[in-house]
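Asker: What follows is the file model-v3.txt, containing compact mmCIF, C-alpha atoms:
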# COMPACT_ATOMS: atom_id res chain seq x y z
CA MET A 27 54.78 13.14 32.09
CA GLN A 28 55.74 11.90 28.66
CA GLN A 29 54.38 12.45 25.18
CA VAL A 30 53.16 9.32 23.40
CA ILE A 31 52.07 8.87 19.78
CA PHE A 32 49.07 6.69 18.93
CA THR A 33 47.62 5.76 15.54
CA GLY A 34 44.02 6.70 14.84
CA ALA A 35 41.37 4.65 13.09
CA HIS A 36 42.34 6.00 9.66
CA GLY A 37 46.11 5.88 10.19
CA GLN A 38 46.53 9.45 11.40
CA THR A 39 48.84 10.51 14.23
CA LEU A 40 47.23 11.17 17.61
CA VAL A 41 49.30 12.79 20.37
CA ALA A 42 48.79 12.17 24.07
CA ASP A 43 50.31 13.13 27.40
CA VAL A 44 50.80 10.11 29.65
CA MET A 45 51.37 10.39 33.39
CA GLY A 46 51.53 7.68 36.04
CA GLU A 47 52.99 4.26 36.67
CA PRO A 48 53.75 2.34 33.43
CA ASP A 49 51.81 -0.68 34.68
CA GLY A 50 48.98 1.36 36.21
CA ILE A 51 45.38 0.92 35.10
CA PRO A 52 44.97 3.32 32.14
CA VAL A 53 42.43 6.12 32.09
CA LEU A 54 41.88 7.57 28.62
CA LEU A 55 40.74 11.21 28.67
CA ALA A 56 38.98 12.73 25.64
CA HIS A 57 38.47 16.50 25.67
CA GLY A 58 35.60 18.59 24.34
CA GLY A 59 35.27 20.11 20.88
CA GLY A 60 37.76 22.92 20.31
CA GLN A 61 39.86 21.96 23.34
CA THR A 62 43.15 20.04 23.61
CA ARG A 63 44.65 17.53 26.01
CA GLY A 64 45.78 20.49 28.10
CA ALA A 65 42.24 20.71 29.49
CA TRP A 66 43.03 17.74 31.77
CA ARG A 67 46.24 18.97 33.45
CA GLY A 68 44.83 19.01 36.97
CA THR A 69 42.92 15.77 36.56
CA ILE A 70 45.81 13.70 35.23
CA ARG A 71 47.96 14.74 38.19
CA LEU A 72 45.38 13.41 40.64
CA LEU A 73 44.91 10.25 38.58
CA SER A 74 48.64 9.54 38.61
CA GLU A 75 48.88 10.26 42.34
CA THR A 76 46.07 7.77 42.92
CA GLY A 77 47.91 5.03 41.03
CA PHE A 78 46.27 5.22 37.61
CA LYS A 79 48.05 5.82 34.31
CA ALA A 80 46.42 8.88 32.76
CA VAL A 81 46.38 9.13 28.95
CA ALA A 82 45.18 12.60 27.87
CA LEU A 83 44.59 12.54 24.13
CA ASP A 84 44.44 15.29 21.51
CA LEU A 85 41.47 14.24 19.38
CA ARG A 86 41.85 14.20 15.60
CA GLY A 87 42.06 17.71 14.18
CA HIS A 88 42.86 19.19 17.60
CA GLY A 89 46.05 20.31 19.30
CA GLU A 90 49.07 18.41 18.04
CA SER A 91 47.13 15.51 16.54
CA ALA A 92 46.90 15.28 12.75
CA TRP A 93 44.10 16.93 10.84
CA SER A 94 41.98 14.58 8.77
CA PRO A 95 43.12 14.98 5.14
CA ASP A 96 39.60 14.39 3.87
CA GLY A 97 37.75 16.23 6.63
CA ARG A 98 36.39 13.14 8.38
CA TYR A 99 35.03 14.54 11.62
CA ALA A 100 31.76 12.70 12.14
CA ILE A 101 31.16 11.57 15.72
CA GLY A 102 31.70 8.00 14.55
CA ASP A 103 35.20 8.91 13.37
CA PHE A 104 36.16 10.26 16.79
CA ALA A 105 34.62 7.16 18.36
CA ALA A 106 36.63 4.87 16.08
CA ASP A 107 39.82 6.68 17.15
CA LEU A 108 39.05 5.97 20.80
CA VAL A 109 38.55 2.27 20.01
CA ALA A 110 41.87 2.26 18.12
CA VAL A 111 43.74 3.94 20.99
CA ALA A 112 42.19 1.58 23.54
CA ASP A 113 43.52 -1.34 21.48
CA GLN A 114 47.03 0.12 21.69
CA LEU A 115 47.01 0.09 25.49
CA ASP A 116 48.14 -2.98 27.41
CA ILE A 117 45.09 -2.96 29.69
CA ARG A 118 41.48 -2.07 28.89
CA PRO A 119 41.12 1.60 29.87
CA HIS A 120 38.57 3.60 31.72
CA LEU A 121 37.24 6.47 29.58
CA ILE A 122 36.52 10.03 30.73
CA GLY A 123 34.99 12.10 27.96
CA ALA A 124 33.89 15.72 28.07
CA SER A 125 31.31 17.00 25.59
CA LEU A 126 32.61 15.86 22.17
CA GLY A 127 34.89 13.30 23.85
CA GLY A 128 31.96 11.99 25.87
CA LEU A 129 29.78 11.57 22.81
CA ALA A 130 32.62 9.76 21.06
CA GLY A 131 33.02 7.46 24.06
CA LEU A 132 29.28 6.82 24.20
CA VAL A 133 29.17 5.83 20.52
CA ALA A 134 32.39 3.80 20.76
CA GLU A 135 31.12 1.69 23.66
CA GLY A 136 27.37 1.66 22.97
CA GLU A 137 27.36 1.35 19.19
CA GLN A 138 30.74 0.39 17.74
CA ARG A 139 32.19 -2.15 20.18
CA SER A 140 30.90 -3.09 23.60
CA GLY A 141 33.69 -3.88 26.04
CA THR A 142 36.11 -1.27 24.74
CA PHE A 143 36.24 0.50 28.11
CA GLU A 144 36.26 -0.59 31.73
CA THR A 145 34.00 2.30 32.76
CA LEU A 146 32.55 5.35 31.02
CA THR A 147 32.47 8.83 32.57
CA LEU A 148 30.46 11.41 30.63
CA VAL A 149 31.18 15.03 31.49
CA ASP A 150 28.20 17.33 30.94
CA ILE A 151 26.95 15.43 27.91
CA ALA A 152 23.96 13.18 27.22
CA PRO A 153 21.78 12.20 24.25
CA HIS A 154 19.12 14.82 25.03
CA LEU A 155 20.69 18.29 25.22
CA ASP A 156 19.29 21.77 25.65
CA ALA A 157 18.94 23.39 22.23
CA THR A 158 19.82 26.87 23.54
CA GLY A 159 23.09 25.66 25.01
CA VAL A 160 24.00 23.81 21.82
CA THR A 161 23.37 26.96 19.78
CA ARG A 162 25.57 29.04 22.08
CA VAL A 163 28.47 26.62 21.67
CA MET A 164 28.10 26.47 17.90
CA ASP A 165 27.85 30.24 17.55
CA PHE A 166 30.96 30.75 19.67
CA MET A 167 33.03 28.24 17.70
CA ARG A 168 31.97 29.64 14.34
CA ALA A 169 32.40 33.30 15.29
CA HIS A 170 36.13 33.72 14.53
CA LEU A 171 36.86 30.93 12.06
CA ASP A 172 37.93 33.16 9.19
CA LYS A 173 39.55 36.23 10.70
CA GLY A 174 40.83 34.83 13.98
CA PHE A 175 42.32 37.24 16.53
CA ALA A 176 45.01 39.90 16.48
CA THR A 177 46.17 39.09 20.04
CA VAL A 178 45.69 36.56 22.81
CA GLU A 179 43.88 39.29 24.73
CA ASP A 180 41.31 39.52 21.91
CA ALA A 181 40.73 35.77 22.15
CA ALA A 182 40.36 36.07 25.93
CA ALA A 183 37.78 38.82 25.45
CA ALA A 184 35.79 36.51 23.14
CA VAL A 185 35.87 33.77 25.77
CA ALA A 186 34.75 36.27 28.41
CA ARG A 187 31.76 37.24 26.27
CA TYR A 188 30.84 33.55 25.95
CA ALA A 189 31.20 32.96 29.71
CA PRO A 190 30.61 36.38 31.30
CA GLY A 191 30.56 35.06 34.87
CA LYS A 192 34.08 33.63 34.82
CA PRO A 193 36.86 35.82 36.27
CA ARG A 194 39.71 36.80 33.95
CA SER A 195 43.32 36.62 35.10
CA THR A 196 46.81 36.75 33.68
CA GLY A 197 47.12 33.01 34.30
CA SER A 198 44.01 32.22 32.29
CA ILE A 199 45.22 34.38 29.39
CA ASP A 200 48.59 32.61 29.42
CA GLY A 201 46.81 29.25 29.45
CA LEU A 202 44.71 30.31 26.49
CA ARG A 203 47.84 30.49 24.33
CA ARG A 204 47.86 26.68 24.24
CA TYR A 205 44.60 26.76 22.30
CA LEU A 206 45.80 29.15 19.59
CA ARG A 207 48.00 28.79 16.50
CA SER A 208 49.60 31.51 14.43
CA GLY A 209 48.64 31.69 10.75
CA SER A 210 50.74 32.85 7.82
CA ASP A 211 48.94 36.20 8.03
CA GLY A 212 50.05 36.68 11.64
CA ARG A 213 46.53 36.21 13.00
CA LEU A 214 45.80 33.80 15.83
CA ARG A 215 43.24 31.07 15.31
CA TRP A 216 41.97 28.23 17.44
CA HIS A 217 44.20 25.16 17.52
CA TRP A 218 41.79 22.90 15.64
CA ASP A 219 40.76 22.16 12.07
CA PRO A 220 37.80 24.44 11.26
CA ARG A 221 36.33 21.76 9.00
CA PHE A 222 35.36 19.65 11.98
CA ILE A 223 32.51 22.05 12.83
CA ASP A 224 30.46 20.88 9.87
CA GLY A 225 31.16 17.20 10.48
CA VAL A 226 30.61 16.66 14.18
CA LEU A 227 28.04 17.33 16.86
CA LEU A 228 30.11 20.02 18.62
CA GLY A 229 29.18 18.65 22.01
CA GLY A 230 25.52 18.95 20.99
CA ALA A 231 23.01 16.61 19.46
CA PRO A 232 20.91 17.59 16.43
CA ALA A 233 17.40 16.22 16.51
CA ASP A 234 18.20 13.48 13.99
CA SER A 235 21.03 12.18 16.23
CA ILE A 236 19.11 11.85 19.49
CA GLY A 237 17.77 8.45 18.49
CA THR A 238 21.23 7.09 17.64
CA LEU A 239 22.76 8.42 20.85
CA SER A 240 19.84 7.14 22.93
CA ARG A 241 20.20 3.66 21.49
CA ALA A 242 23.93 3.75 22.22
CA ALA A 243 23.20 4.79 25.81
CA ALA A 244 20.61 2.04 26.24
CA ASN A 245 23.17 -0.51 25.00
CA LEU A 246 25.76 0.37 27.66
CA ASP A 247 26.73 -2.58 29.81
CA LEU A 248 29.44 -1.18 32.07
CA PRO A 249 29.67 1.19 35.04
CA VAL A 250 28.65 4.69 33.89
CA HIS A 251 29.14 8.04 35.61
CA LEU A 252 27.46 11.24 34.47
CA ILE A 253 29.06 14.39 35.87
CA ARG A 254 26.99 17.51 35.24
CA GLY A 255 27.85 21.12 35.86
CA GLY A 256 25.40 22.58 38.35
CA MET A 257 25.09 25.64 36.08
CA SER A 258 25.09 23.64 32.83
CA ASP A 259 23.18 25.08 29.90
CA MET A 260 23.62 21.81 27.98
CA VAL A 261 22.25 19.03 30.19
CA SER A 262 18.94 20.19 31.62
CA ASP A 263 16.95 18.48 34.34
CA GLU A 264 14.83 16.93 31.58
CA GLY A 265 17.95 15.71 29.78
CA LEU A 266 19.23 14.23 33.02
CA THR A 267 15.94 12.43 33.65
CA ALA A 268 15.95 11.02 30.12
CA PHE A 269 19.52 9.78 30.54
CA ARG A 270 18.82 8.10 33.85
CA ALA A 271 15.87 6.30 32.26
CA LEU A 272 18.17 5.03 29.49
CA VAL A 273 20.98 4.06 31.89
CA PRO A 274 19.21 3.32 35.20
CA GLY A 275 22.37 2.02 36.88
CA ALA A 276 24.40 5.16 36.18
CA VAL A 277 26.06 7.09 38.99
CA TYR A 278 25.36 10.83 38.89
CA THR A 279 27.37 13.74 40.30
CA ASP A 280 26.40 17.40 40.20
CA ILE A 281 29.29 19.89 40.44
CA ALA A 282 28.08 23.14 41.96
CA GLY A 283 29.41 26.34 40.43
CA ALA A 284 30.39 24.69 37.14
CA GLY A 285 29.02 25.31 33.68
CA HIS A 286 29.48 23.13 30.60
CA MET A 287 33.28 23.22 30.94
CA VAL A 288 33.14 21.38 34.25
CA ALA A 289 36.83 20.46 34.55
CA GLY A 290 37.87 24.04 33.81
CA ASP A 291 35.31 25.68 36.07
CA GLN A 292 35.69 23.50 39.18
CA ASN A 293 38.70 21.28 38.55
CA ASP A 294 39.31 20.07 42.09
CA ALA A 295 35.70 19.04 42.72
CA PHE A 296 35.43 17.46 39.27
CA SER A 297 38.69 15.53 39.55
CA GLN A 298 37.86 14.21 43.01
CA ALA A 299 34.45 12.98 41.87
CA ALA A 300 35.85 11.38 38.71
CA VAL A 301 38.68 9.61 40.54
CA ALA A 302 36.39 8.40 43.36
CA PHE A 303 34.20 6.65 40.78
CA LEU A 304 37.21 5.02 39.11
CA VAL A 305 38.58 3.79 42.43
CA ALA A 306 35.17 2.35 43.33
CA ASN A 307 35.01 0.54 39.99
CA SER A 308 38.53 -0.81 39.66
CA GLY A 309 38.27 -4.45 40.59
CA SER A 310 34.99 -4.02 42.46
CA ALA A 311 31.30 -4.21 41.62
CA PRO A 312 29.70 -0.99 40.32
CA ALA A 313 27.67 1.06 42.74
CA GLU A 314 24.42 1.04 40.83
CA GLY A 315 22.17 4.03 40.78
CA ARG A 316 23.68 5.94 43.68
CA ASP A 317 24.61 9.61 43.68
CA LEU A 318 28.13 10.57 44.76
CA ALA A 319 28.43 13.47 47.18
CA ARG A 320 27.08 16.59 45.52
CA ASN A 321 29.83 19.21 45.63
As structure tokens, please, write out the structure in this file.

Answerer:
Amino acid sequence: MQQVIFTGAHGQTLVADVMGEPDGIPVLLAHGGGQTRGAWRGTIRLLSETGFKAVALDLRGHGESAWSPDGRYAIGDFAADLVAVADQLDIRPHLIGASLGGLAGLVAEGEQRSGTFETLTLVDIAPHLDATGVTRVMDFMRAHLDKGFATVEDAAAAVARYAPGKPRSTGSIDGLRRYLRSGSDGRLRWHWDPRFIDGVLLGGAPADSIGTLSRAAANLDLPVHLIRGGMSDMVSDEGLTAFRALVPGAVYTDIAGAGHMVAGDQNDAFSQAAVAFLVANSGSAPAEGRDLARN
């Protein structure tokens, strides 16, 4: 694995981990709001083993990528970055986007420039989202913006309160360190620019954005894969039905035992489903409207 620097739509530095054969078909991975490229560690290994070149990106304002100097964190800004990164790759990439990254990919392909991606995989995200789930995400991300945490264990406790059904372990606490930065006051805060909360959809869709996102979805003209967590509180059955009406040729996979953070909750099942779709749509006709094996 090597670290690669890309240039975003507004000239800012974007950092990515790249794994796989240099001349492999690229797969660009865009994480969810508040995450970093580290969320894809298991997935990029499987992608590289399958022959793809995985490009796991830190979105603007996240991880090691530059913060926007003027606080530009609208969904269109993230989308424009994905278009810019795609242009810096030798081959048109597939796109896997979770939550915020999925919305950015949807807008990039369906609104900003058709033909940017070879395929589009949306991970637990769609134009019509459950309002309760959106509120939970927003409340969690806003909760510790100012004061942060005294220790990593305090941050882990906050995550446990957000997802009470997930087991806690020493490994998960150690992994959480990647998502924290130390401030001048010694407190730990999430490894993202807090200003992005007021400028982006946070993996959710306010009522006035549903129309824009729906139009973008209806404009899609490429193989599309929606992967939903079986325990998702973001994409309801109604949201799924609405999406499938907008994109009737989309492939759908349900990952049992996973919530909104599908790749983190059930990484093996998620990665296998995502890679199977890419293999089926690399140099072959899309499998329209079928469901992959439900895990």

Asker: Skipping near chain neighbours, those fewer than 5 positions away, what residues fall within 6 Å of range 81-87 of chain A using only C-alpha atoms, listed as a list of chain:residue names?

Answerer: A:Val41, A:Ala42, A:Asp43, A:Val44, A:Val53, A:Leu54, A:Leu55, A:Ala56, A:Thr62, A:Arg63, A:Ala92, A:Trp93, A:Trp218, A:Asp219

Asker: In Å, with one decimal, what is the gap from CA of Ser91 in chain A to CA of Thr39 in chain A?

Answerer: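 Those two atoms sit 5.8 Å apart.
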
Asker: If we count only C-alpha atoms and set the cut-off at 8 Å, which residues sit around Ser258 in chain A, ignoring sequence neighbours fewer than 4 positions away in its own chain? Please answer as a count of residues only.

Answerer: 6

Asker: Could you name the residues that touch Val301 in chain A at 10 Å or less, counting all atoms listed in the file, but leaving out those on the same chain fewer than 6 positions away, as number ranges by chain?

Answerer: A: 53, 69-70, 72-73, 76, 78, 307

Asker: Write out as a PDB file with C-alpha atoms, in the coordinates of the input which residues come within 8 Å of Lys79 in chain A when counting only C-alpha atoms, dropping same-chain ones fewer than 6 positions away.

Answerer:
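out_39.pdb written:
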ATOM      1  CA  VAL A  44      50.800  10.110  29.650  1.00  0.00           C
ATOM      2  CA  MET A  45      51.370  10.390  33.390  1.00  0.00           C
ATOM      3  CA  GLY A  46      51.530   7.680  36.040  1.00  0.00           C
ATOM      4  CA  GLU A  47      52.990   4.260  36.670  1.00  0.00           C
ATOM      5  CA  PRO A  48      53.750   2.340  33.430  1.00  0.00           C
ATOM      6  CA  ASP A  49      51.810  -0.680  34.680  1.00  0.00           C
ATOM      7  CA  GLY A  50      48.980   1.360  36.210  1.00  0.00           C
ATOM      8  CA  ILE A  51      45.380   0.920  35.100  1.00  0.00           C
ATOM      9  CA  PRO A  52      44.970   3.320  32.140  1.00  0.00           C
ATOM     10  CA  VAL A  53      42.430   6.120  32.090  1.00  0.00           C
ATOM     11  CA  LEU A  73      44.910  10.250  38.580  1.00  0.00           C
TER      12      LEU A  73
END

Asker: Env of Gly283 in chain A: 10 Å cut, atoms = all atoms listed in the file, seq-sep filter 6 positions within chain, self excluded. Answer as a list in words.

Answerer: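 The filter keeps Gly255, Gly256, Met257, Ser258, Asp291, Gln292, Ala295 and Asn321 of chain A.
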
Asker: In terms of the shortest atom-to-atom distance over all atoms listed in the file, which of A:Phe222, A:Arg215, A:Ser208, A:Ser240 is closest to Met164 in chain A?

Answerer: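 Residue with the minimum atom-to-atom distance to Met164 in chain A: A:Phe222.
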
Asker: In Å, how far is it from CA of Leu206 in chain A to CA of Ala176 in chain A?

Answerer: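 These two atoms are separated by 11.2 Å.
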
Asker: Between A:Thr279, A:Thr238, A:Ser210, A:Gln298, single out the one closest to Pro153 in chain A, counting only C-alpha atoms.

Answerer: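 Among the listed residues, the smallest separation from Pro153 in chain A belongs to A:Thr238.
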
Asker: Neighbourhood query: residues within 12 Å of (27.2, 34.5, 27.0), file coordinates, counting only C-alpha atoms; return as a PDB file with C-alpha atoms, in the coordinates of the input.

Answerer:
ATOM      1  CA  THR A 158      19.820  26.870  23.540  1.00  0.00           C
ATOM      2  CA  GLY A 159      23.090  25.660  25.010  1.00  0.00           C
ATOM      3  CA  THR A 161      23.370  26.960  19.780  1.00  0.00           C
ATOM      4  CA  ARG A 162      25.570  29.040  22.080  1.00  0.00           C
ATOM      5  CA  VAL A 163      28.470  26.620  21.670  1.00  0.00           C
ATOM      6  CA  ASP A 165      27.850  30.240  17.550  1.00  0.00           C
ATOM      7  CA  PHE A 166      30.960  30.750  19.670  1.00  0.00           C
ATOM      8  CA  ALA A 183      37.780  38.820  25.450  1.00  0.00           C
ATOM      9  CA  ALA A 184      35.790  36.510  23.140  1.00  0.00           C
ATOM     10  CA  VAL A 185      35.870  33.770  25.770  1.00  0.00           C
ATOM     11  CA  ALA A 186      34.750  36.270  28.410  1.00  0.00           C
ATOM     12  CA  ARG A 187      31.760  37.240  26.270  1.00  0.00           C
ATOM     13  CA  TYR A 188      30.840  33.550  25.950  1.00  0.00           C
ATOM     14  CA  ALA A 189      31.200  32.960  29.710  1.00  0.00           C
ATOM     15  CA  PRO A 190      30.610  36.380  31.300  1.00  0.00           C
ATOM     16  CA  GLY A 191      30.560  35.060  34.870  1.00  0.00           C
ATOM     17  CA  LYS A 192      34.080  33.630  34.820  1.00  0.00           C
ATOM     18  CA  ASP A 259      23.180  25.080  29.900  1.00  0.00           C
ATOM     19  CA  GLY A 285      29.020  25.310  33.680  1.00  0.00           C
TER      20      GLY A 285
END

Asker: Please compute the CA of Asp247 in chain A-CA of Ala80 in chain A distance, one decimal, in Å.

Answerer: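 Distance reported for this atom pair: 23.0 Å.
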
Asker: Give as an NGL selection string each residue that has an atom at most 9 Å from (33.0, 13.3, 11.0) in the file, counting only C-alpha atoms.

Answerer: :A and (97-104 or 222-227)

Asker: Which is closer to Met260 in chain A than all the others in A:Val133, A:Ala124, A:Val30, A:Val273, using all atoms listed in the file?

Answerer: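 The answer is A:Ala124, which sits nearest to Met260 in chain A.
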
Asker: Kindly compute an axis-aligned box around the listed atoms of range 170-187 of chain A, allowing 6 Å on each side, and express its centre and edge lengths in Å to one decimal as lines of an AutoDock Vina configuration file.

Answerer:
center_x = 39.0
center_y = 35.4
center_z = 18.8
size_x = 26.4
size_y = 21.0
size_z = 31.2

Asker: Ranking A:Leu108, A:Ala268, A:Ala65, A:Leu248 by minimum distance to Ala35 in chain A and counting all atoms listed in the file, which one comes first?

Answerer: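 Looking only at the distances to Ala35 in chain A, the closest residue turns out to be A:Leu108.
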
Asker: Can you work out which one of A:Asn293, A:Arg241, A:Ala105, A:Ala302 has the shortest atom-to-atom distance to Arg67 in chain A, counting only C-alpha atoms?

Answerer: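 Closest to Arg67 in chain A, using only C-alpha atoms: A:Asn293.
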
Asker: Counting all atoms listed in the file, which residue out of A:Lys173, A:Ser297, A:Asn245, A:Gln38 sits closest to Asp96 in chain A?

Answerer: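 Under the stated criterion, the closest residue is A:Gln38.
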
Asker: Rebuild range 135-166 of chain A so that it carries N, CA and C atoms, then output the result as a short mmCIF file (atom, residue, chain, number, x, y, z; two decimals), in the coordinates of the input.

Answerer:
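So result.cif came out as:
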data_model
loop_
_atom_site.label_atom_id
_atom_site.label_comp_id
_atom_site.auth_asym_id
_atom_site.auth_seq_id
_atom_site.Cartn_x
_atom_site.Cartn_y
_atom_site.Cartn_z
N GLU A 135 31.49 2.80 22.78
CA GLU A 135 31.12 1.69 23.66
C GLU A 135 29.71 1.16 23.37
N GLY A 136 28.77 2.07 23.10
CA GLY A 136 27.37 1.66 22.97
C GLY A 136 26.95 1.27 21.58
N GLU A 137 27.75 1.64 20.57
CA GLU A 137 27.36 1.35 19.19
C GLU A 137 28.43 0.59 18.42
N GLN A 138 29.70 0.99 18.57
CA GLN A 138 30.74 0.39 17.74
C GLN A 138 31.29 -0.90 18.32
N ARG A 139 31.65 -0.92 19.60
CA ARG A 139 32.19 -2.15 20.18
C ARG A 139 32.04 -2.16 21.69
N SER A 140 31.08 -2.92 22.17
CA SER A 140 30.90 -3.09 23.60
C SER A 140 32.12 -3.77 24.20
N GLY A 141 32.53 -3.31 25.37
CA GLY A 141 33.69 -3.88 26.04
C GLY A 141 34.99 -3.17 25.75
N THR A 142 34.90 -2.04 25.02
CA THR A 142 36.11 -1.27 24.74
C THR A 142 36.68 -0.65 26.01
N PHE A 143 35.80 -0.20 26.91
CA PHE A 143 36.24 0.50 28.11
C PHE A 143 35.83 -0.25 29.37
N GLU A 144 36.56 0.00 30.43
CA GLU A 144 36.26 -0.59 31.73
C GLU A 144 35.08 0.14 32.37
N THR A 145 35.11 1.46 32.32
CA THR A 145 34.00 2.30 32.76
C THR A 145 33.90 3.48 31.80
N LEU A 146 32.78 4.19 31.88
CA LEU A 146 32.55 5.35 31.02
C LEU A 146 32.08 6.52 31.87
N THR A 147 32.85 7.60 31.87
CA THR A 147 32.47 8.83 32.57
C THR A 147 32.15 9.90 31.54
N LEU A 148 30.92 10.38 31.56
CA LEU A 148 30.46 11.41 30.63
C LEU A 148 30.41 12.74 31.37
N VAL A 149 31.09 13.74 30.83
CA VAL A 149 31.18 15.03 31.49
C VAL A 149 30.30 16.04 30.79
N ASP A 150 29.18 16.35 31.42
CA ASP A 150 28.20 17.33 30.94
C ASP A 150 27.77 17.04 29.49
N ILE A 151 27.42 15.81 29.24
CA ILE A 151 26.95 15.43 27.91
C ILE A 151 25.99 14.25 28.05
N ALA A 152 24.97 14.23 27.20
CA ALA A 152 23.96 13.18 27.22
C ALA A 152 23.25 13.22 25.87
N PRO A 153 22.47 12.19 25.54
CA PRO A 153 21.78 12.20 24.25
C PRO A 153 20.81 13.36 24.06
N HIS A 154 20.09 13.73 25.12
CA HIS A 154 19.12 14.82 25.03
C HIS A 154 19.75 16.08 25.63
N LEU A 155 20.03 17.07 24.78
CA LEU A 155 20.69 18.29 25.22
C LEU A 155 19.81 19.50 24.98
N ASP A 156 20.05 20.54 25.77
CA ASP A 156 19.29 21.77 25.65
C ASP A 156 19.66 22.50 24.37
N ALA A 157 18.68 22.79 23.53
CA ALA A 157 18.94 23.39 22.23
C ALA A 157 19.60 24.76 22.35
N THR A 158 19.23 25.53 23.36
CA THR A 158 19.82 26.87 23.54
C THR A 158 21.31 26.77 23.83
N GLY A 159 21.68 25.83 24.69
CA GLY A 159 23.09 25.66 25.01
C GLY A 159 23.90 25.20 23.81
N VAL A 160 23.33 24.29 23.03
CA VAL A 160 24.00 23.81 21.82
C VAL A 160 24.25 24.97 20.85
N THR A 161 23.24 25.82 20.68
CA THR A 161 23.37 26.96 19.78
C THR A 161 24.45 27.91 20.24
N ARG A 162 24.53 28.16 21.54
CA ARG A 162 25.57 29.04 22.08
C ARG A 162 26.96 28.51 21.75
N VAL A 163 27.17 27.22 21.96
CA VAL A 163 28.47 26.62 21.67
C VAL A 163 28.81 26.75 20.19
N MET A 164 27.85 26.42 19.34
CA MET A 164 28.10 26.47 17.90
C MET A 164 28.39 27.89 17.42
N ASP A 165 27.63 28.84 17.94
CA ASP A 165 27.85 30.24 17.55
C ASP A 165 29.23 30.72 17.98
N PHE A 166 29.65 30.35 19.18
CA PHE A 166 30.96 30.75 19.67
C PHE A 166 32.07 30.17 18.81
#
